[in-house]
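Below: data23.txt (compact mmCIF, C-alpha atoms)
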```
# COMPACT_ATOMS: atom_id res chain seq x y z
CA MET A 18 12.36 21.22 -24.26
CA SER A 19 15.76 21.79 -22.77
CA ALA A 20 18.77 23.38 -24.36
CA ASP A 21 20.56 21.08 -26.75
CA MET A 22 23.86 20.87 -24.92
CA PRO A 23 24.04 17.85 -22.65
CA ARG A 24 25.47 18.54 -19.22
CA PRO A 25 28.94 17.16 -18.54
CA HIS A 26 29.13 13.99 -16.45
CA ALA A 27 30.26 15.70 -13.24
CA GLU A 28 27.34 18.09 -13.43
CA ARG A 29 24.89 15.21 -13.76
CA VAL A 30 26.43 13.44 -10.78
CA ALA A 31 26.04 16.65 -8.77
CA ALA A 32 22.43 17.06 -9.95
CA ALA A 33 21.58 13.53 -8.86
CA ARG A 34 23.25 13.89 -5.48
CA LEU A 35 21.49 17.18 -4.86
CA ARG A 36 18.04 15.85 -5.73
CA LEU A 37 18.45 12.74 -3.61
CA ALA A 38 19.66 14.83 -0.66
CA GLN A 39 17.15 17.67 -0.89
CA ASP A 40 14.00 16.45 -2.64
CA PHE A 41 11.45 14.64 -0.51
CA GLN A 42 8.90 13.23 -2.93
CA MET A 43 9.40 10.39 -5.37
CA TRP A 44 7.49 8.14 -7.74
CA LEU A 45 8.01 4.61 -6.44
CA SER A 46 7.43 1.77 -8.89
CA THR A 47 7.32 -1.87 -7.87
CA GLY A 48 6.07 -4.91 -9.73
CA GLY A 49 5.57 -8.59 -9.44
CA HIS A 50 3.61 -11.35 -11.08
CA ALA A 51 0.40 -9.37 -10.47
CA GLY A 52 1.63 -6.46 -12.58
CA PRO A 53 2.99 -2.99 -11.86
CA HIS A 54 2.33 -0.66 -8.98
CA LEU A 55 3.24 3.01 -8.64
CA ILE A 56 2.80 5.48 -5.80
CA PRO A 57 3.92 9.01 -5.04
CA VAL A 58 5.54 8.94 -1.64
CA ALA A 59 7.82 10.96 0.62
CA PHE A 60 11.40 9.91 1.26
CA VAL A 61 14.56 10.96 3.06
CA ALA A 62 18.14 10.02 2.36
CA ASP A 63 20.01 8.12 5.07
CA GLY A 64 23.63 7.62 4.09
CA ASP A 65 23.61 5.62 0.86
CA ALA A 66 20.02 4.53 1.32
CA LEU A 67 16.66 6.14 0.63
CA VAL A 68 14.02 5.65 3.29
CA THR A 69 10.28 5.81 2.83
CA ALA A 70 7.26 4.26 4.54
CA THR A 71 3.90 2.85 3.60
CA GLY A 72 1.34 0.27 4.74
CA GLU A 73 2.68 -3.14 5.73
CA GLY A 74 -0.02 -4.85 3.68
CA SER A 75 0.23 -2.54 0.66
CA ARG A 76 0.93 -3.72 -2.86
CA THR A 77 4.22 -1.81 -2.72
CA VAL A 78 5.42 -3.89 0.25
CA ARG A 79 4.09 -7.14 -1.21
CA ASN A 80 5.89 -6.45 -4.48
CA LEU A 81 9.11 -5.59 -2.67
CA ARG A 82 8.91 -8.83 -0.71
CA GLU A 83 8.41 -10.70 -3.99
CA THR A 84 11.11 -9.13 -6.15
CA GLY A 85 13.36 -7.13 -3.81
CA ARG A 86 13.50 -4.44 -6.46
CA ALA A 87 12.16 -0.93 -7.04
CA ARG A 88 12.55 1.71 -9.68
CA LEU A 89 11.96 5.24 -8.54
CA ALA A 90 12.03 8.69 -10.03
CA VAL A 91 12.83 12.01 -8.40
CA GLY A 92 12.29 15.28 -10.22
CA THR A 93 9.98 15.90 -13.15
CA THR A 94 9.26 14.12 -16.42
CA ALA A 95 11.44 16.76 -18.10
CA ASP A 96 14.34 16.66 -15.62
CA VAL A 97 14.60 13.28 -14.04
CA VAL A 98 16.80 11.30 -11.69
CA MET A 99 15.88 7.64 -12.26
CA VAL A 100 17.01 5.09 -9.70
CA ASP A 101 16.99 1.31 -9.87
CA ALA A 102 17.20 0.18 -6.27
CA ALA A 103 17.40 -2.98 -4.25
CA LEU A 104 15.36 -3.54 -1.13
CA ASP A 105 17.79 -3.18 1.75
CA ASP A 106 15.40 -3.71 4.64
CA LEU A 107 11.81 -3.45 5.79
CA VAL A 108 12.06 -1.73 9.15
CA PRO A 109 9.22 -2.11 11.66
CA VAL A 110 8.29 1.12 13.41
CA PRO A 111 9.77 0.07 16.79
CA ARG A 112 13.16 -0.51 15.11
CA VAL A 113 13.43 2.73 13.13
CA ALA A 114 16.22 5.16 14.00
CA THR A 115 14.73 8.22 15.67
CA ASP A 116 16.61 10.77 13.56
CA VAL A 117 15.46 9.13 10.33
CA ALA A 118 11.87 8.88 11.53
CA ASP A 119 11.92 12.49 12.69
CA ARG A 120 13.23 13.71 9.36
CA PHE A 121 10.66 11.62 7.51
CA ALA A 122 7.84 12.99 9.69
CA ALA A 123 8.93 16.50 8.73
CA VAL A 124 8.16 15.85 5.04
CA SER A 125 5.15 13.53 5.33
CA HIS A 126 2.68 12.18 7.82
CA ASP A 127 4.39 10.38 10.71
CA PRO A 128 4.14 6.60 10.23
CA ARG A 129 4.80 6.15 13.96
CA GLU A 130 1.45 7.75 14.71
CA ARG A 131 -0.67 5.38 12.64
CA PRO A 132 -0.83 1.61 12.97
CA GLY A 133 0.11 -0.70 10.12
CA ASN A 134 3.07 1.13 8.61
CA VAL A 135 6.55 -0.08 7.85
CA TYR A 136 9.67 1.81 6.83
CA ILE A 137 11.38 0.79 3.60
CA ARG A 138 15.11 1.14 3.06
CA LEU A 139 16.13 1.12 -0.59
CA ARG A 140 19.69 0.99 -1.82
CA PRO A 141 20.34 2.65 -5.21
CA GLN A 142 22.15 0.35 -7.64
CA ARG A 143 21.91 2.30 -10.89
CA ILE A 144 21.13 5.99 -11.28
CA GLN A 145 20.43 7.75 -14.55
CA VAL A 146 20.04 11.48 -15.06
CA TRP A 147 18.62 13.23 -18.10
CA ASN A 148 16.62 16.30 -19.06
CA GLY A 149 15.71 15.47 -22.65
CA PHE A 150 16.50 13.12 -25.50
CA HIS A 151 19.78 14.95 -26.11
CA GLU A 152 20.92 13.69 -22.72
CA PHE A 153 20.22 10.00 -23.31
CA PRO A 154 23.86 9.23 -24.09
CA GLY A 155 25.91 9.43 -20.93
CA ARG A 156 22.94 9.40 -18.59
CA THR A 157 24.26 6.76 -16.20
CA VAL A 158 25.95 8.22 -13.11
CA MET A 159 25.87 5.16 -10.82
CA LEU A 160 26.34 1.47 -11.60
CA LYS A 161 26.26 -1.45 -9.14
CA GLY A 162 25.94 1.04 -6.32
CA ASP A 163 29.07 3.00 -7.25
CA TRP A 164 29.10 6.59 -8.44
CA LEU A 165 30.86 6.74 -11.79
CA THR A 166 33.76 9.08 -12.36
CA GLU A 167 33.19 9.03 -16.11
CA PRO A 168 30.29 8.24 -18.46
CA ALA A 169 29.58 4.55 -19.08
CA ASP A 170 26.98 4.82 -21.85
CA MET B 16 0.34 20.51 1.80
CA SER B 17 -3.08 21.13 0.32
CA ALA B 18 -6.10 22.65 1.99
CA ASP B 19 -7.93 20.24 4.24
CA MET B 20 -11.24 20.20 2.39
CA PRO B 21 -11.44 17.31 -0.07
CA ARG B 22 -12.87 18.22 -3.45
CA PRO B 23 -16.35 16.93 -4.22
CA HIS B 24 -16.57 13.89 -6.50
CA ALA B 25 -17.68 15.82 -9.59
CA GLU B 26 -14.74 18.16 -9.25
CA ARG B 27 -12.32 15.25 -9.10
CA VAL B 28 -13.88 13.68 -12.18
CA ALA B 29 -13.45 16.99 -13.99
CA ALA B 30 -9.85 17.29 -12.79
CA ALA B 31 -9.02 13.82 -14.10
CA ARG B 32 -10.69 14.42 -17.46
CA LEU B 33 -8.90 17.73 -17.86
CA ARG B 34 -5.48 16.32 -17.08
CA LEU B 35 -5.91 13.34 -19.39
CA ALA B 36 -7.09 15.61 -22.20
CA GLN B 37 -4.56 18.41 -21.80
CA ASP B 38 -1.44 17.07 -20.13
CA PHE B 39 1.10 15.37 -22.36
CA GLN B 40 3.65 13.78 -20.06
CA MET B 41 3.12 10.80 -17.80
CA TRP B 42 5.02 8.39 -15.57
CA LEU B 43 4.46 4.95 -17.08
CA SER B 44 5.02 1.97 -14.82
CA THR B 45 5.09 -1.61 -16.05
CA GLY B 46 6.31 -4.75 -14.38
CA GLY B 47 6.72 -8.42 -14.87
CA HIS B 48 8.66 -11.29 -13.41
CA ALA B 49 11.89 -9.33 -13.92
CA GLY B 50 10.71 -6.53 -11.63
CA PRO B 51 9.42 -3.00 -12.13
CA HIS B 52 10.09 -0.52 -14.88
CA LEU B 53 9.23 3.19 -14.98
CA ILE B 54 9.68 5.82 -17.67
CA PRO B 55 8.59 9.41 -18.21
CA VAL B 56 6.97 9.54 -21.61
CA ALA B 57 4.71 11.72 -23.74
CA PHE B 58 1.10 10.76 -24.43
CA VAL B 59 -2.03 11.95 -26.16
CA ALA B 60 -5.64 11.01 -25.53
CA ASP B 61 -7.52 9.29 -28.34
CA GLY B 62 -11.13 8.76 -27.40
CA ASP B 63 -11.14 6.57 -24.30
CA ALA B 64 -7.55 5.49 -24.83
CA LEU B 65 -4.17 7.00 -24.03
CA VAL B 66 -1.54 6.66 -26.73
CA THR B 67 2.20 6.74 -26.25
CA ALA B 68 5.20 5.27 -28.06
CA THR B 69 8.55 3.77 -27.22
CA GLY B 70 11.08 1.26 -28.51
CA GLU B 71 9.70 -2.08 -29.69
CA GLY B 72 12.40 -3.93 -27.77
CA SER B 73 12.17 -1.80 -24.62
CA ARG B 74 11.45 -3.19 -21.17
CA THR B 75 8.19 -1.26 -21.19
CA VAL B 76 6.96 -3.12 -24.27
CA ARG B 77 8.25 -6.47 -23.02
CA ASN B 78 6.47 -5.98 -19.71
CA LEU B 79 3.25 -4.97 -21.46
CA ARG B 80 3.42 -8.09 -23.62
CA GLU B 81 3.90 -10.18 -20.48
CA THR B 82 1.21 -8.71 -18.21
CA GLY B 83 -1.03 -6.55 -20.41
CA ARG B 84 -1.12 -4.00 -17.61
CA ALA B 85 0.26 -0.57 -16.83
CA ARG B 86 -0.10 1.90 -14.01
CA LEU B 87 0.53 5.49 -14.95
CA ALA B 88 0.48 8.85 -13.24
CA VAL B 89 -0.29 12.26 -14.66
CA GLY B 90 0.28 15.41 -12.65
CA THR B 91 2.60 15.82 -9.70
CA THR B 92 3.30 13.84 -6.53
CA ALA B 93 1.14 16.38 -4.68
CA ASP B 94 -1.75 16.47 -7.17
CA VAL B 95 -2.05 13.19 -8.96
CA VAL B 96 -4.26 11.39 -11.43
CA MET B 97 -3.37 7.69 -11.08
CA VAL B 98 -4.52 5.32 -13.81
CA ASP B 99 -4.55 1.53 -13.85
CA ALA B 100 -4.78 0.64 -17.52
CA ALA B 101 -5.01 -2.38 -19.74
CA LEU B 102 -2.98 -2.78 -22.89
CA ASP B 103 -5.40 -2.22 -25.73
CA ASP B 104 -3.02 -2.58 -28.65
CA LEU B 105 0.57 -2.29 -29.79
CA VAL B 106 0.35 -0.37 -33.04
CA PRO B 107 3.19 -0.60 -35.56
CA VAL B 108 4.15 2.72 -37.11
CA PRO B 109 2.66 1.88 -40.55
CA ARG B 110 -0.74 1.25 -38.93
CA VAL B 111 -0.97 4.34 -36.72
CA ALA B 112 -3.75 6.87 -37.44
CA THR B 113 -2.23 10.01 -38.93
CA ASP B 114 -4.09 12.44 -36.66
CA VAL B 115 -2.95 10.59 -33.54
CA ALA B 116 0.63 10.38 -34.76
CA ASP B 117 0.62 14.06 -35.70
CA ARG B 118 -0.69 15.08 -32.29
CA PHE B 119 1.87 12.85 -30.58
CA ALA B 120 4.69 14.33 -32.66
CA ALA B 121 3.63 17.78 -31.48
CA VAL B 122 4.40 16.89 -27.85
CA SER B 123 7.39 14.57 -28.29
CA HIS B 124 9.86 13.35 -30.84
CA ASP B 125 8.13 11.76 -33.84
CA PRO B 126 8.34 7.95 -33.58
CA ARG B 127 7.69 7.74 -37.34
CA GLU B 128 11.05 9.35 -37.97
CA ARG B 129 13.15 6.83 -36.08
CA PRO B 130 13.25 3.10 -36.65
CA GLY B 131 12.31 0.62 -33.96
CA ASN B 132 9.36 2.37 -32.32
CA VAL B 133 5.87 1.15 -31.64
CA TYR B 134 2.77 3.02 -30.50
CA ILE B 135 1.06 1.80 -27.33
CA ARG B 136 -2.68 2.16 -26.78
CA LEU B 137 -3.69 1.93 -23.13
CA ARG B 138 -7.27 1.74 -21.91
CA PRO B 139 -7.88 3.20 -18.42
CA GLN B 140 -9.72 0.77 -16.14
CA ARG B 141 -9.46 2.50 -12.78
CA ILE B 142 -8.65 6.16 -12.16
CA GLN B 143 -7.93 7.71 -8.78
CA VAL B 144 -7.50 11.40 -8.04
CA TRP B 145 -6.06 12.94 -4.90
CA ASN B 146 -4.06 15.92 -3.76
CA GLY B 147 -3.14 14.88 -0.24
CA PHE B 148 -3.95 12.36 2.47
CA HIS B 149 -7.21 14.18 3.20
CA GLU B 150 -8.38 13.14 -0.27
CA PHE B 151 -7.71 9.40 0.10
CA PRO B 152 -11.36 8.64 0.85
CA GLY B 153 -13.40 9.06 -2.30
CA ARG B 154 -10.42 9.12 -4.64
CA THR B 155 -11.76 6.64 -7.19
CA VAL B 156 -13.44 8.31 -10.18
CA MET B 157 -13.37 5.40 -12.66
CA LEU B 158 -13.88 1.68 -12.13
CA LYS B 159 -13.84 -1.09 -14.74
CA GLY B 160 -13.50 1.56 -17.41
CA ASP B 161 -16.62 3.51 -16.37
CA TRP B 162 -16.62 7.02 -14.96
CA LEU B 163 -18.37 6.99 -11.60
CA THR B 164 -21.24 9.33 -10.86
CA GLU B 165 -20.68 9.02 -7.13
CA PRO B 166 -17.78 8.06 -4.85
CA ALA B 167 -17.10 4.32 -4.46
CA ASP B 168 -14.51 4.38 -1.68
```
As a first step, turn the structure in this file into structure tokens.
Amino acid sequence: MSADMPRPHAERVAAARLRLAQDFQMWLSTGGHAGPHLIPVAFVADGDALVTATGEGSRTVRNLRETGRARLAVGTTADVVMVDAALDDLVPVPRVATDVADRFAAVSHDPRERPGNVYIRLRPQRIQVWNGFHEFPGRTVMLKGDWLTEPAD
Amino acid sequence: MSADMPRPHAERVAAARLRLAQDFQMWLSTGGHAGPHLIPVAFVADGDALVTATGEGSRTVRNLRETGRARLAVGTTADVVMVDAALDDLVPVPRVATDVADRFAAVSHDPRERPGNVYIRLRPQRIQVWNGFHEFPGRTVMLKGDWLTEPAD
């Protein structure tokens, strides 16, 4: 387990920003009336959004069309950045921005090279950061899409 | 990325069994009409079941009551054991088997020591194992709760 001292708020904000900017794999959870789905998938940050891609007919895309919501984790089970996100857009391959698609292709397969894929833009609404039970209080660093300047929980 | 040679079926079965027996952290995804939920949480194997615990009033438990289904991942985004599971039982603390609770307490906090927790027994129905796109074919090692002796996909 981690040390017992929780990190100060500003340090958690910085940890979340760093992971979202530099990591490139996430656990993407979606769910609808048919139950939960979960996939490991590559992503890149694009401004305030996170961009990933998967099959147009996949359960992930069907769930996103149904609920417009995702919950995704970056990091490890012991040091996690947890993001509740809203579906911003499903972007067909011909519409994707080249720089985003190029950066995505550098950390995954290239969805432009296989038929049937769609890009997914997710907009973080709430972000929580913790590395153990001792960090449960004060773990929220973003609410309603805004980075918090002080702890809210 | 991984080497290009997919592991043979028997090796993937062994990899899944080993992770479920020896790992003790998972990503637990549940979802209902309110959308997806995802938590990192400790677990232990108990016969064919996986046992974890969380708050009785948590979204995870509410979703499980609603759908009876979970999807959980053990391992990393690059080397994953993905389990679709059915809710077997929600076990109140006074009913939990001592050996299971003791083993769980050795890898997490002890739910018996805090009020408001419930143990969750999940029964794997389908298990898939892959460590890269090259392992997508043949990734199913369990179907309908039975370990497969040969690839099914």
Box dimensions and centre (Å, one decimal) enclosing range 86-90 of chain A, axis-aligned, 6 Å extra per side, as JSON:
```
{"center_x": 12.7, "center_y": 2.1, "center_z": -8.2, "size_x": 13.5, "size_y": 25.1, "size_z": 15.6}
```
task: Show me which bits of chain A are within 7 Å of chain B, counting all atoms listed in the file, as an NGL selection string.
output: :A and (42 or 46-50 or 52-55 or 57 or 84 or 86-88 or 94)
Could you give me, as a PDB file with C-alpha atoms, in the frame of the given file, the residues that sit within 8 Å of (24.2, 13.9, -28.3) in the file's coordinates, counting all atoms listed in the file?
```
ATOM      1  CA  MET A  22      23.860  20.870 -24.920  1.00  0.00           C
ATOM      2  CA  PRO A  23      24.040  17.850 -22.650  1.00  0.00           C
ATOM      3  CA  HIS A 151      19.780  14.950 -26.110  1.00  0.00           C
ATOM      4  CA  GLU A 152      20.920  13.690 -22.720  1.00  0.00           C
ATOM      5  CA  PHE A 153      20.220  10.000 -23.310  1.00  0.00           C
ATOM      6  CA  PRO A 154      23.860   9.230 -24.090  1.00  0.00           C
TER       7      PRO A 154
END
```
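Among A:Val30, A:Ile137, A:Ala122, A:Met159, the residue with the shortest atom-to-atom distance to Leu67 in chain A, counting all atoms listed in the file, is A:Ile137.
CA of Asp105 in chain A lies 13.9 Å from CA of Lys161 in chain A.
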Item to complete: Find the residues around Glu73 in chain A up to 10 Å (all atoms listed in the file counted), leave out those fewer than 4 positions away in its own chain, and share them as a list in words.
Response: Thr77, Val78, Arg79, Leu107, Pro109, Pro132, Gly133, Asn134, Val135, Tyr136 and Ile137 of chain A
Separating CA of Leu137 in chain B from CA of Val111 in chain B, to the nearest tenth of an Å, is a gap of 14.1 Å
- request: Work out how far CA of Leu33 in chain B is from CA of Pro139 in chain B, in Å to one decimal.
  value: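 We find that CA of Pro139 in chain B and CA of Leu33 in chain B lie 14.6 Å from each other.
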ask   = What's the 9 Å shell around Gln37 in chain B, counting only C-alpha atoms, without same-chain residues fewer than 3 positions away, as number ranges by chain?
value = B: 32-34, 59-60
Any chance you could export the current selection's C-alpha atoms as a compact mmCIF listing (two decimals), in the frame of the given file?
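Written file, part-v1.txt:
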```txt
# COMPACT_ATOMS: atom_id res chain seq x y z
CA ARG B 32 -10.69 14.42 -17.46
CA LEU B 33 -8.90 17.73 -17.86
CA ARG B 34 -5.48 16.32 -17.08
CA VAL B 59 -2.03 11.95 -26.16
CA ALA B 60 -5.64 11.01 -25.53
```
